[in-house]
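Okay, so here's the structure we're looking at.
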Amino acid sequence: MEKVLEKRKTYRGEEEKKQLINRVSRVEGQIRGIKKMIAEDTYCNDILIQLSAIENSIKSLSNTILENHLYSCVSKDLERGNLDAIDELISLFKRFNR
């Protein structure tokens, strides 16, 4: 049974927030583009290519956030002796590998 962790926050610098929000905004734009392609009866292959691009964008964003998480949140938890961070990471990796 997976234990429930308290609600935590990650405080990011303004530049990091800006970069992450810009990347999410690009993904939103890509998704709106797919919606338009569907409405305009665009050829399936072309839509699938765009969907693949969106998947890659999301994976890249996830990897960036994961890397930042490891260098900031997890490393601080481990320095404080909070070994629950390891269980949290294991659970996170299991989700990534579904």
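Chain labels follow the order of the structure tokens: the first chain is A, the next B, and so on; residue numbering restarts at 1 in every chain, and ligands are counted from 1 in their shown order.
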
Considering only C-alpha atoms, return as a list in words whatever protein or nucleic-acid residues lie within 9 Å of range 14-24 of chain A, sequence-local ones (same chain, fewer than 5 positions apart) excluded.
->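 The neighbour list is Gly29, Ser57, Ile58, Leu61, Thr64 and Ile65 of chain A.
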
Could you pull out the helix (DSSP H, G or I) residues of chain A from DSSP and send them as a ChimeraX atom specification?
-> /A:14-39,44-79,84-96

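Excluding Ala85 in chain A and any residue on its chain fewer than 5 positions from it, the residues at most 8 Å away by only C-alpha atoms are Val74, Asp77 and Leu78 of chain A.
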
Do a neighbour search on Ile54 in chain A at 12 Å with only C-alpha atoms, toss out local chain neighbours closer than 2 positions, and write the hits as a list in words.
->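 Listed by chain and then number, they are Arg23, Val24, Ser25, Arg26, Val27, Glu28, Gly29, Gln30, Ile31, Arg32, Gly33, Ile34, Ile47, Leu48, Ile49, Gln50, Leu51, Ser52, Asn56, Ser57, Ile58, Lys59, Ser60 and Leu61 of chain A.
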
Taking N, CA and C atoms for each residue, export the selection above as an mmCIF file, in the first residue's frame.
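So the final result, stored in again.cif, reads:
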```
data_model
loop_
_atom_site.group_PDB
_atom_site.id
_atom_site.type_symbol
_atom_site.label_atom_id
_atom_site.label_comp_id
_atom_site.auth_asym_id
_atom_site.auth_seq_id
_atom_site.Cartn_x
_atom_site.Cartn_y
_atom_site.Cartn_z
ATOM 1 N N ARG A 23 7.677 26.402 -21.726
ATOM 2 C CA ARG A 23 7.636 25.073 -22.339
ATOM 3 C C ARG A 23 6.228 24.490 -22.301
ATOM 4 N N VAL A 24 5.529 24.679 -21.177
ATOM 5 C CA VAL A 24 4.150 24.206 -21.075
ATOM 6 C C VAL A 24 3.267 24.947 -22.079
ATOM 7 N N SER A 25 3.512 26.242 -22.226
ATOM 8 C CA SER A 25 2.733 27.033 -23.188
ATOM 9 C C SER A 25 2.941 26.522 -24.607
ATOM 10 N N ARG A 26 4.169 26.107 -24.937
ATOM 11 C CA ARG A 26 4.431 25.545 -26.264
ATOM 12 C C ARG A 26 3.647 24.256 -26.473
ATOM 13 N N VAL A 27 3.594 23.422 -25.441
ATOM 14 C CA VAL A 27 2.834 22.173 -25.535
ATOM 15 C C VAL A 27 1.352 22.486 -25.719
ATOM 16 N N GLU A 28 0.844 23.462 -24.974
ATOM 17 C CA GLU A 28 -0.554 23.875 -25.148
ATOM 18 C C GLU A 28 -0.819 24.309 -26.585
ATOM 19 N N GLY A 29 0.121 25.054 -27.153
ATOM 20 C CA GLY A 29 -0.017 25.482 -28.548
ATOM 21 C C GLY A 29 -0.023 24.305 -29.500
ATOM 22 N N GLN A 30 0.834 23.328 -29.235
ATOM 23 C CA GLN A 30 0.866 22.135 -30.076
ATOM 24 C C GLN A 30 -0.474 21.392 -30.006
ATOM 25 N N ILE A 31 -1.034 21.303 -28.825
ATOM 26 C CA ILE A 31 -2.309 20.603 -28.655
ATOM 27 C C ILE A 31 -3.432 21.355 -29.374
ATOM 28 N N ARG A 32 -3.428 22.683 -29.266
ATOM 29 C CA ARG A 32 -4.425 23.462 -30.010
ATOM 30 C C ARG A 32 -4.258 23.234 -31.510
ATOM 31 N N GLY A 33 -3.020 23.087 -31.951
ATOM 32 C CA GLY A 33 -2.761 22.809 -33.363
ATOM 33 C C GLY A 33 -3.354 21.476 -33.792
ATOM 34 N N ILE A 34 -3.241 20.465 -32.943
ATOM 35 C CA ILE A 34 -3.832 19.151 -33.223
ATOM 36 C C ILE A 34 -5.349 19.280 -33.332
ATOM 37 N N ILE A 47 -1.274 14.181 -38.382
ATOM 38 C CA ILE A 47 -1.676 14.377 -36.982
ATOM 39 C C ILE A 47 -0.823 13.501 -36.062
ATOM 40 N N LEU A 48 -0.606 12.269 -36.464
ATOM 41 C CA LEU A 48 0.202 11.362 -35.649
ATOM 42 C C LEU A 48 1.637 11.865 -35.481
ATOM 43 N N ILE A 49 2.177 12.450 -36.522
ATOM 44 C CA ILE A 49 3.526 13.027 -36.432
ATOM 45 C C ILE A 49 3.541 14.153 -35.404
ATOM 46 N N GLN A 50 2.505 14.985 -35.420
ATOM 47 C CA GLN A 50 2.427 16.078 -34.444
ATOM 48 C C GLN A 50 2.220 15.543 -33.026
ATOM 49 N N LEU A 51 1.431 14.485 -32.886
ATOM 50 C CA LEU A 51 1.241 13.868 -31.569
ATOM 51 C C LEU A 51 2.554 13.320 -31.026
ATOM 52 N N SER A 52 3.354 12.749 -31.896
ATOM 53 C CA SER A 52 4.664 12.247 -31.492
ATOM 54 C C SER A 52 5.554 13.403 -31.007
ATOM 55 N N ASN A 56 7.198 13.892 -27.242
ATOM 56 C CA ASN A 56 8.613 14.186 -27.004
ATOM 57 C C ASN A 56 8.785 15.461 -26.195
ATOM 58 N N SER A 57 7.968 16.462 -26.458
ATOM 59 C CA SER A 57 8.034 17.713 -25.699
ATOM 60 C C SER A 57 7.695 17.477 -24.235
ATOM 61 N N ILE A 58 6.674 16.676 -23.992
ATOM 62 C CA ILE A 58 6.266 16.386 -22.613
ATOM 63 C C ILE A 58 7.337 15.560 -21.901
ATOM 64 N N LYS A 59 7.903 14.577 -22.579
ATOM 65 C CA LYS A 59 8.976 13.777 -21.972
ATOM 66 C C LYS A 59 10.166 14.650 -21.620
ATOM 67 N N SER A 60 10.522 15.552 -22.510
ATOM 68 C CA SER A 60 11.639 16.453 -22.257
ATOM 69 C C SER A 60 11.361 17.348 -21.053
ATOM 70 N N LEU A 61 10.150 17.886 -20.976
ATOM 71 C CA LEU A 61 9.746 18.713 -19.846
ATOM 72 C C LEU A 61 9.780 17.897 -18.554
#
```

Return the single residue from A:Glu88, A:Asp41, A:Glu55, A:Asp46 that is closest to Leu70 in chain A, with distances computed using only C-alpha atoms.
->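 Closest to Leu70 in chain A, using only C-alpha atoms: A:Glu88.
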